[in-house]
Amino acid sequence: MGSVLISGGTVVDPATGRHGAFDVRLEEGRIAAVAEPGGAGNADVQIDASGCWVTPGLIDMHVHLREPGYEYKETVLTGAQAAVAGGFTAVACMANTNPVNDTGAVTKYIVEKAAAARLARVYPIGAVSVGLQGERLAEIGEMREAGIVAVSDDGKPIMDSALMRRALEYSAMFGLAVIAHEEDRALAGEGCMNEGPTAFRLGLKGMPAAAEEAMVARDIALLERTGGRLHIAHASTAGTIDLVRRAKARGLAVTVEATPHHFTLTEDAVGEYDTNAKMNPPLRQRQDVEAVIAALRDGTVDAIASDHAPHHRDEKDVEFECAAHGIVGLETSLALSLALVREHGVDIETLVRAMSVTPARILGVPGGNLAVGEIGDVTVIDPAVAWEVDPDRFHSKSRNTPFANWALTGQARATLVGGEVKWQAIPPLAAARKRSAAR
Ligand SMILES: [Zn+2]
């Protein structure tokens with residue numbers, strides 16, 4: 001394995017407190033040196049990071065990779081390709097595959113696919129309940145042995161409060177967080193977008209904010225009594241943010257993530273029945289978006305996750321009520337998140353914490369910092385490059401995005417996993433530099 005020198009960039013590493021001009025050298029898959037410009041030594045491959053931020057590898061803790069069972073939407077390989085192209089060195093994938101990831105055998109299958117892809121690290125998340133049926137606990141210990149990093153029935157809420165209580169207690173024995181998709185199914189009913197004036201105008205059934213908030217309140221109440229760790233997926237309402245903020249003030253082990261679509265779009269994006277704006281939880285209203293952004297700014301929101309949810313065209317090219325929920329997100333997440341820094345007063349350290357440091361901590365996986373000796377997962381981010389979203393150029397197998405043709409700013413220039421360049425936006429300079437040095 002060769003060595004890599006990332007030079008000329010600005011290191012942003014909240015974990016070690018470094019922020020400034022440093023070169024980073026990777027060797028044997030690990031961070032070998034972080035030093036003043038020119039002081040990190042030579043390497044086989046050189047990456048010119050001038051004008052860029054050099055950060056610990058970004059981690060997306062909430063994606064759907066669709067394998068096994070729905071390979072026509074995405075595979076572990078294509079998902080991992082989309083991940084590195086989006087700047088992510090690691091992703092955690094949800095259990096709603098077919099078969100569901102509720103046994104060690106399925107976990108192992110995903111781990112093996114990820115190892116064969118040799119791109120981003122892929123960490124499976126195990127189901128809480130057998131078949132995501134919400135009835136009895138899945139084989140959490142067995143899946144833990146096979147490599148899961150959390151448990152979740154994501155896509156489906158755990159309606160049975162007693163089961164949720166046992167999930168919190170039992171997963172705590174394995175040090176795993178329970179990732180909760182918070183939705184009171186009875187209250188959400190047949191709703192297919194946010195309950196509000198837009199749904200009324202379009203004649204669509206709405207999902208009220210209270211369907212999310214009631215479950216968040218329940219799970220916080222359970223957490224207070226059972227212990228364990230609760231991570232709330234894709235917070236979408238001001239009320240959810242408020243509940244989490246108060247629970248944290250009481251010292252509870254609760255964390256929460258927000259998605260780029262929930263802090264970028266409102267229900268207005270549904271426009272005239274645009275199914276690419278159909279997701280669960282739905283896009284909400286302006287005051288909700290502002291509450292999520294404020295919580296990102298002050299660190300109440302711990303993580304940014306894309307909820308990358310690939311679907312085939314045929315599942316979106318149907319009536320709004322019938323369309324599948326979800327959008328792809330791995331390749332737009334970083335640029336949409338960088339807008340928080342540019343336009344909403346989120347500092348870059350806070351962003352790197354939300355996209356790398358804290359997801360690593362919640363999942364208990366390596367990464368999230370650039371200390372010497374740590375794994376060589378690094379993202380080189382050009383915050384200034386302007387580009388236009390062209391879904392046809394996505395590495396993901398699917399194209400379902402509401403951001404098609406959007407003009408975005410900022411992109412990963414290089415993504416390094418385990419000390420190897422897995423993706424870069426421009427060709428390496430190594431060959432040219434080496435030749436001139438040899439002369
Ligand atoms: Zn979900």
# chains A, B, ... in the order shown; residues from 1 in each chain; ligands from 1
call {"tool": "residues_around", "arguments": {"residues": "stretch 225-241 of chain A", "least_positions_apart": "2", "cutoff": "7 Å", "atoms": "only C-alpha atoms", "output": "JSON, numbers by chain"}}
result
{"A": [165, 168, 169, 172, 177, 178, 179, 180, 181, 209, 213, 216, 221, 222, 223, 243, 244, 245, 253, 254, 255, 256, 257, 258, 259, 262, 281, 284, 287, 288, 291, 292]}
call {"tool": "select_by_dssp", "arguments": {"residues": "stretch 188-348 of chain A", "states": "strand (DSSP E)", "output": "list of chain:residue names"}}
result
A:Met193, A:Asn194, A:Gly206, A:Met207, A:Leu230, A:His231, A:Ile232, A:Val254, A:Thr255, A:Val256, A:Glu257, A:Ala258, A:Ala303, A:Ile304
call {"tool": "residues_around", "arguments": {"residues": "A:Cys192", "least_positions_apart": "4", "cutoff": "9 Å", "atoms": "only C-alpha atoms", "output": "mmCIF file with all heavy atoms, in the first residue's frame"}}
result
data_model
loop_
_atom_site.group_PDB
_atom_site.id
_atom_site.type_symbol
_atom_site.label_atom_id
_atom_site.label_comp_id
_atom_site.auth_asym_id
_atom_site.auth_seq_id
_atom_site.Cartn_x
_atom_site.Cartn_y
_atom_site.Cartn_z
ATOM 1 N N ALA A 188 -50.770 9.354 11.534
ATOM 2 C CA ALA A 188 -50.315 9.692 10.175
ATOM 3 C C ALA A 188 -51.300 9.162 9.140
ATOM 4 O O ALA A 188 -51.479 9.755 8.071
ATOM 5 C CB ALA A 188 -48.916 9.138 9.931
ATOM 6 N N ALA A 199 -51.340 20.628 1.393
ATOM 7 C CA ALA A 199 -52.090 19.372 1.241
ATOM 8 C C ALA A 199 -53.561 19.679 0.981
ATOM 9 O O ALA A 199 -54.207 19.049 0.142
ATOM 10 C CB ALA A 199 -51.934 18.511 2.493
ATOM 11 N N LEU A 204 -54.725 16.447 -0.968
ATOM 12 C CA LEU A 204 -54.016 15.250 -0.517
ATOM 13 C C LEU A 204 -54.178 15.094 0.995
ATOM 14 O O LEU A 204 -54.267 16.084 1.720
ATOM 15 C CB LEU A 204 -52.516 15.366 -0.860
ATOM 16 C CG LEU A 204 -52.156 15.385 -2.345
ATOM 17 C CD1 LEU A 204 -50.676 15.727 -2.530
ATOM 18 C CD2 LEU A 204 -52.481 14.040 -3.005
ATOM 19 N N LYS A 205 -54.196 13.857 1.441
ATOM 20 C CA LYS A 205 -54.283 13.620 2.892
ATOM 21 C C LYS A 205 -52.950 13.956 3.552
ATOM 22 O O LYS A 205 -51.884 13.662 3.013
ATOM 23 C CB LYS A 205 -54.630 12.156 3.166
ATOM 24 C CG LYS A 205 -56.063 11.797 2.776
ATOM 25 C CD LYS A 205 -56.576 10.632 3.625
ATOM 26 C CE LYS A 205 -58.005 10.265 3.265
ATOM 27 N NZ LYS A 205 -58.061 9.340 2.095
ATOM 28 N N GLY A 206 -53.016 14.586 4.730
ATOM 29 C CA GLY A 206 -51.804 15.054 5.386
ATOM 30 C C GLY A 206 -51.377 14.215 6.577
ATOM 31 O O GLY A 206 -52.179 13.509 7.187
ATOM 32 N N MET A 207 -50.043 14.286 6.867
ATOM 33 C CA MET A 207 -49.497 13.660 8.073
ATOM 34 C C MET A 207 -49.184 14.800 9.040
ATOM 35 O O MET A 207 -48.340 15.648 8.762
ATOM 36 C CB MET A 207 -48.192 12.920 7.751
ATOM 37 C CG MET A 207 -48.333 11.900 6.625
ATOM 38 S SD MET A 207 -46.729 11.529 5.857
ATOM 39 C CE MET A 207 -46.212 10.155 6.865
ATOM 40 N N LYS A 278 -41.799 13.673 -2.308
ATOM 41 C CA LYS A 278 -42.548 12.829 -1.375
ATOM 42 C C LYS A 278 -41.586 12.010 -0.537
ATOM 43 O O LYS A 278 -40.822 11.200 -1.081
ATOM 44 C CB LYS A 278 -43.507 11.905 -2.138
ATOM 45 C CG LYS A 278 -44.319 11.009 -1.191
ATOM 46 C CD LYS A 278 -45.333 10.159 -1.923
ATOM 47 C CE LYS A 278 -46.039 9.239 -0.925
ATOM 48 N NZ LYS A 278 -47.027 8.372 -1.581
ATOM 49 N N MET A 279 -41.581 12.247 0.749
ATOM 50 C CA MET A 279 -40.732 11.485 1.649
ATOM 51 C C MET A 279 -41.405 11.345 3.002
ATOM 52 O O MET A 279 -42.389 12.016 3.291
ATOM 53 C CB MET A 279 -39.338 12.110 1.791
ATOM 54 C CG MET A 279 -39.308 13.564 2.158
ATOM 55 S SD MET A 279 -39.408 14.654 0.746
ATOM 56 C CE MET A 279 -37.828 14.719 0.041
ATOM 57 N N ASN A 280 -40.846 10.448 3.815
ATOM 58 C CA ASN A 280 -41.410 10.195 5.128
ATOM 59 C C ASN A 280 -40.299 10.237 6.165
ATOM 60 O O ASN A 280 -39.415 9.400 6.125
ATOM 61 C CB ASN A 280 -42.098 8.819 5.137
ATOM 62 C CG ASN A 280 -42.851 8.581 6.425
ATOM 63 O OD1 ASN A 280 -42.962 9.466 7.259
ATOM 64 N ND2 ASN A 280 -43.346 7.368 6.603
ATOM 65 N N PRO A 282 -42.533 13.806 5.991
ATOM 66 C CA PRO A 282 -42.702 14.705 4.848
ATOM 67 C C PRO A 282 -41.969 16.023 5.034
ATOM 68 O O PRO A 282 -41.568 16.362 6.147
ATOM 69 C CB PRO A 282 -44.209 14.935 4.827
ATOM 70 C CG PRO A 282 -44.641 14.782 6.244
ATOM 71 C CD PRO A 282 -43.742 13.721 6.828
ATOM 72 N N PHE A 320 -49.389 10.808 -6.986
ATOM 73 C CA PHE A 320 -48.681 11.193 -5.766
ATOM 74 C C PHE A 320 -48.985 10.240 -4.615
ATOM 75 O O PHE A 320 -48.078 9.782 -3.916
ATOM 76 C CB PHE A 320 -49.028 12.633 -5.372
ATOM 77 C CG PHE A 320 -48.068 13.207 -4.373
ATOM 78 C CD1 PHE A 320 -46.902 13.844 -4.780
ATOM 79 C CD2 PHE A 320 -48.312 13.091 -3.003
ATOM 80 C CE1 PHE A 320 -45.995 14.358 -3.859
ATOM 81 C CE2 PHE A 320 -47.411 13.609 -2.071
ATOM 82 C CZ PHE A 320 -46.263 14.242 -2.504
ATOM 83 N N GLU A 321 -50.259 9.908 -4.432
ATOM 84 C CA GLU A 321 -50.650 9.042 -3.311
ATOM 85 C C GLU A 321 -49.966 7.679 -3.396
ATOM 86 O O GLU A 321 -49.692 7.056 -2.376
ATOM 87 C CB GLU A 321 -52.174 8.794 -3.287
ATOM 88 C CG GLU A 321 -52.997 9.991 -2.883
ATOM 89 C CD GLU A 321 -53.508 10.774 -4.075
ATOM 90 O OE1 GLU A 321 -52.785 10.852 -5.096
ATOM 91 O OE2 GLU A 321 -54.622 11.309 -4.003
ATOM 92 N N CYS A 322 -49.713 7.209 -4.615
ATOM 93 C CA CYS A 322 -49.192 5.851 -4.806
ATOM 94 C C CYS A 322 -47.670 5.792 -4.843
ATOM 95 O O CYS A 322 -47.089 4.716 -4.740
ATOM 96 C CB CYS A 322 -49.722 5.249 -6.111
ATOM 97 S SG CYS A 322 -51.505 5.321 -6.247
ATOM 98 N N ALA A 323 -47.028 6.945 -4.998
ATOM 99 C CA ALA A 323 -45.572 6.940 -5.203
ATOM 100 C C ALA A 323 -44.837 6.481 -3.943
ATOM 101 O O ALA A 323 -45.318 6.648 -2.827
ATOM 102 C CB ALA A 323 -45.112 8.345 -5.591
ATOM 103 N N HIS A 325 -42.027 6.575 -1.018
ATOM 104 C CA HIS A 325 -41.416 7.642 -0.223
ATOM 105 C C HIS A 325 -39.911 7.665 -0.437
ATOM 106 O O HIS A 325 -39.285 6.624 -0.535
ATOM 107 C CB HIS A 325 -41.654 7.384 1.267
ATOM 108 C CG HIS A 325 -43.047 7.638 1.725
ATOM 109 N ND1 HIS A 325 -43.572 8.889 1.851
ATOM 110 C CD2 HIS A 325 -44.032 6.787 2.109
ATOM 111 C CE1 HIS A 325 -44.811 8.813 2.302
ATOM 112 N NE2 HIS A 325 -45.122 7.542 2.459
#
call {"tool": "closest_residue", "arguments": {"among": "A:Thr198, A:Ser161, A:Thr415, A:Asn96", "to": "ligand 1", "atoms": "only C-alpha atoms and all ligand atoms"}}
result
A:Asn96
call {"tool": "closest_residue", "arguments": {"among": "A:Ser306, A:Asn276, A:Thr75, A:Gln81", "to": "ligand 1", "atoms": "only C-alpha atoms and all ligand atoms"}}
result
A:Ser306
call {"tool": "select_by_dssp", "arguments": {"residues": "stretch 108-355 of chain A", "states": "alpha helix (DSSP H)", "output": "VMD selection string"}}
result
chain A and resid 108 to 117 140 to 146 161 to 173 185 to 188 197 to 202 209 to 226 238 to 249 260 to 264 286 to 297 313 to 316 333 to 343 348 to 352
call {"tool": "write_last_selection", "arguments": {"atoms": "C-alpha atoms", "output": "mmCIF file, in the first residue's frame"}}
result
data_model
loop_
_atom_site.group_PDB
_atom_site.id
_atom_site.type_symbol
_atom_site.label_atom_id
_atom_site.label_comp_id
_atom_site.auth_asym_id
_atom_site.auth_seq_id
_atom_site.Cartn_x
_atom_site.Cartn_y
_atom_site.Cartn_z
ATOM 1 C CA LYS A 108 -22.713 -11.019 7.111
ATOM 2 C CA TYR A 109 -23.920 -10.953 3.499
ATOM 3 C CA ILE A 110 -23.910 -7.121 3.491
ATOM 4 C CA VAL A 111 -20.502 -6.985 5.174
ATOM 5 C CA GLU A 112 -19.099 -9.300 2.500
ATOM 6 C CA LYS A 113 -20.605 -7.262 -0.350
ATOM 7 C CA ALA A 114 -19.090 -4.128 1.157
ATOM 8 C CA ALA A 115 -15.663 -5.761 1.501
ATOM 9 C CA ALA A 116 -15.808 -6.827 -2.148
ATOM 10 C CA ALA A 117 -16.727 -3.285 -3.262
ATOM 11 C CA ILE A 140 -29.569 -8.479 18.164
ATOM 12 C CA GLY A 141 -26.631 -10.311 19.777
ATOM 13 C CA GLU A 142 -26.089 -12.499 16.719
ATOM 14 C CA MET A 143 -26.197 -9.481 14.393
ATOM 15 C CA ARG A 144 -23.819 -7.616 16.712
ATOM 16 C CA GLU A 145 -21.308 -10.437 16.311
ATOM 17 C CA ALA A 146 -21.716 -10.216 12.523
ATOM 18 C CA SER A 161 -44.335 0.767 23.467
ATOM 19 C CA ALA A 162 -43.409 -2.352 25.431
ATOM 20 C CA LEU A 163 -41.313 -3.604 22.508
ATOM 21 C CA MET A 164 -39.574 -0.222 22.252
ATOM 22 C CA ARG A 165 -38.823 -0.368 25.958
ATOM 23 C CA ARG A 166 -37.293 -3.840 25.620
ATOM 24 C CA ALA A 167 -35.336 -2.726 22.543
ATOM 25 C CA LEU A 168 -33.770 0.142 24.503
ATOM 26 C CA GLU A 169 -32.917 -2.140 27.438
ATOM 27 C CA TYR A 170 -31.635 -5.035 25.382
ATOM 28 C CA SER A 171 -29.584 -3.079 22.832
ATOM 29 C CA ALA A 172 -27.907 -1.208 25.699
ATOM 30 C CA MET A 173 -26.389 -4.537 26.765
ATOM 31 C CA ARG A 185 -49.034 5.290 12.288
ATOM 32 C CA ALA A 186 -52.640 5.739 13.374
ATOM 33 C CA LEU A 187 -52.257 9.508 13.466
ATOM 34 C CA ALA A 188 -50.315 9.692 10.175
ATOM 35 C CA PRO A 197 -52.411 24.381 3.595
ATOM 36 C CA THR A 198 -50.545 22.808 0.661
ATOM 37 C CA ALA A 199 -52.090 19.372 1.241
ATOM 38 C CA PHE A 200 -55.469 21.069 1.543
ATOM 39 C CA ARG A 201 -54.993 22.926 -1.756
ATOM 40 C CA LEU A 202 -53.814 19.785 -3.563
ATOM 41 C CA ALA A 209 -46.447 17.075 12.875
ATOM 42 C CA ALA A 210 -47.939 15.602 16.051
ATOM 43 C CA ALA A 211 -47.592 12.084 14.568
ATOM 44 C CA GLU A 212 -43.821 12.537 14.806
ATOM 45 C CA GLU A 213 -43.762 14.498 18.039
ATOM 46 C CA ALA A 214 -46.021 12.127 19.976
ATOM 47 C CA MET A 215 -43.613 9.255 19.294
ATOM 48 C CA VAL A 216 -40.545 11.347 20.112
ATOM 49 C CA ALA A 217 -42.163 12.246 23.439
ATOM 50 C CA ARG A 218 -42.991 8.590 24.108
ATOM 51 C CA ASP A 219 -39.484 7.394 23.343
ATOM 52 C CA ILE A 220 -37.905 10.090 25.502
ATOM 53 C CA ALA A 221 -40.205 9.036 28.343
ATOM 54 C CA LEU A 222 -39.127 5.407 27.860
ATOM 55 C CA LEU A 223 -35.446 6.359 27.658
ATOM 56 C CA GLU A 224 -35.722 8.247 30.934
ATOM 57 C CA ARG A 225 -36.812 5.076 32.694
ATOM 58 C CA THR A 226 -34.939 2.316 30.856
ATOM 59 C CA ALA A 238 -39.977 22.308 15.369
ATOM 60 C CA GLY A 239 -41.752 20.322 18.077
ATOM 61 C CA THR A 240 -39.320 17.402 17.744
ATOM 62 C CA ILE A 241 -36.382 19.775 18.066
ATOM 63 C CA ASP A 242 -37.930 21.312 21.175
ATOM 64 C CA LEU A 243 -38.495 17.894 22.804
ATOM 65 C CA VAL A 244 -34.922 16.796 22.096
ATOM 66 C CA ARG A 245 -33.469 20.054 23.361
ATOM 67 C CA ARG A 246 -35.312 19.671 26.657
ATOM 68 C CA ALA A 247 -34.382 15.974 26.993
ATOM 69 C CA LYS A 248 -30.726 16.809 26.452
ATOM 70 C CA ALA A 249 -30.934 19.536 29.078
ATOM 71 C CA PRO A 260 -30.479 18.011 3.920
ATOM 72 C CA HIS A 261 -33.981 17.919 2.400
ATOM 73 C CA HIS A 262 -35.617 18.776 5.723
ATOM 74 C CA PHE A 263 -33.342 21.782 6.277
ATOM 75 C CA THR A 264 -33.457 22.925 2.631
ATOM 76 C CA ARG A 286 -40.913 27.284 7.024
ATOM 77 C CA GLN A 287 -40.906 27.466 10.855
ATOM 78 C CA ASP A 288 -39.901 23.789 11.023
ATOM 79 C CA VAL A 289 -37.030 24.292 8.579
ATOM 80 C CA GLU A 290 -35.861 27.270 10.623
ATOM 81 C CA ALA A 291 -36.043 25.289 13.863
ATOM 82 C CA VAL A 292 -33.927 22.488 12.354
ATOM 83 C CA ILE A 293 -31.344 24.973 11.084
ATOM 84 C CA ALA A 294 -31.176 26.745 14.464
ATOM 85 C CA ALA A 295 -30.649 23.344 16.115
ATOM 86 C CA LEU A 296 -27.868 22.526 13.660
ATOM 87 C CA ARG A 297 -26.234 25.841 14.444
ATOM 88 C CA ARG A 313 -38.456 5.497 -11.946
ATOM 89 C CA ASP A 314 -41.594 3.335 -12.132
ATOM 90 C CA GLU A 315 -42.128 3.739 -8.397
ATOM 91 C CA LYS A 316 -42.113 7.543 -8.687
ATOM 92 C CA SER A 333 -25.806 15.951 0.819
ATOM 93 C CA LEU A 334 -22.447 17.676 1.177
ATOM 94 C CA ALA A 335 -23.226 20.651 -1.082
ATOM 95 C CA LEU A 336 -26.645 21.202 0.525
ATOM 96 C CA SER A 337 -25.000 21.021 3.955
ATOM 97 C CA LEU A 338 -22.250 23.461 2.981
ATOM 98 C CA ALA A 339 -25.017 26.005 2.314
ATOM 99 C CA LEU A 340 -25.555 26.023 6.086
ATOM 100 C CA VAL A 341 -22.029 27.367 6.492
ATOM 101 C CA ARG A 342 -22.353 29.908 3.724
ATOM 102 C CA GLU A 343 -25.861 31.142 4.367
ATOM 103 C CA ILE A 348 -17.388 24.618 9.630
ATOM 104 C CA GLU A 349 -16.321 22.804 12.832
ATOM 105 C CA THR A 350 -19.974 22.264 13.713
ATOM 106 C CA LEU A 351 -20.637 20.924 10.225
ATOM 107 C CA VAL A 352 -17.697 18.501 10.380
#
call {"tool": "residues_around", "arguments": {"residues": "stretch 369-375 of chain A", "least_positions_apart": "2", "cutoff": "12 Å", "atoms": "only C-alpha atoms", "output": "PyMOL selection string"}}
result
chain A and resi 11-19+22-35+40+54-59+89-90+121+349+352-353+355-361+365-367+377-379+416-420
call {"tool": "residues_around", "arguments": {"residues": "A:Arg66", "least_positions_apart": "3", "cutoff": "8 Å", "atoms": "only C-alpha atoms", "output": "list in words"}}
result
Gly69, Tyr70, Glu71, Lys73, Glu74, Thr75, Val76, Asn96, Thr97, Asn98 and Pro310 of chain A
call {"tool": "atom_distance", "arguments": {"atom1": "atom CA of A:Glu135", "atom2": "atom CA of A:Ile148"}}
result
20.4 Å
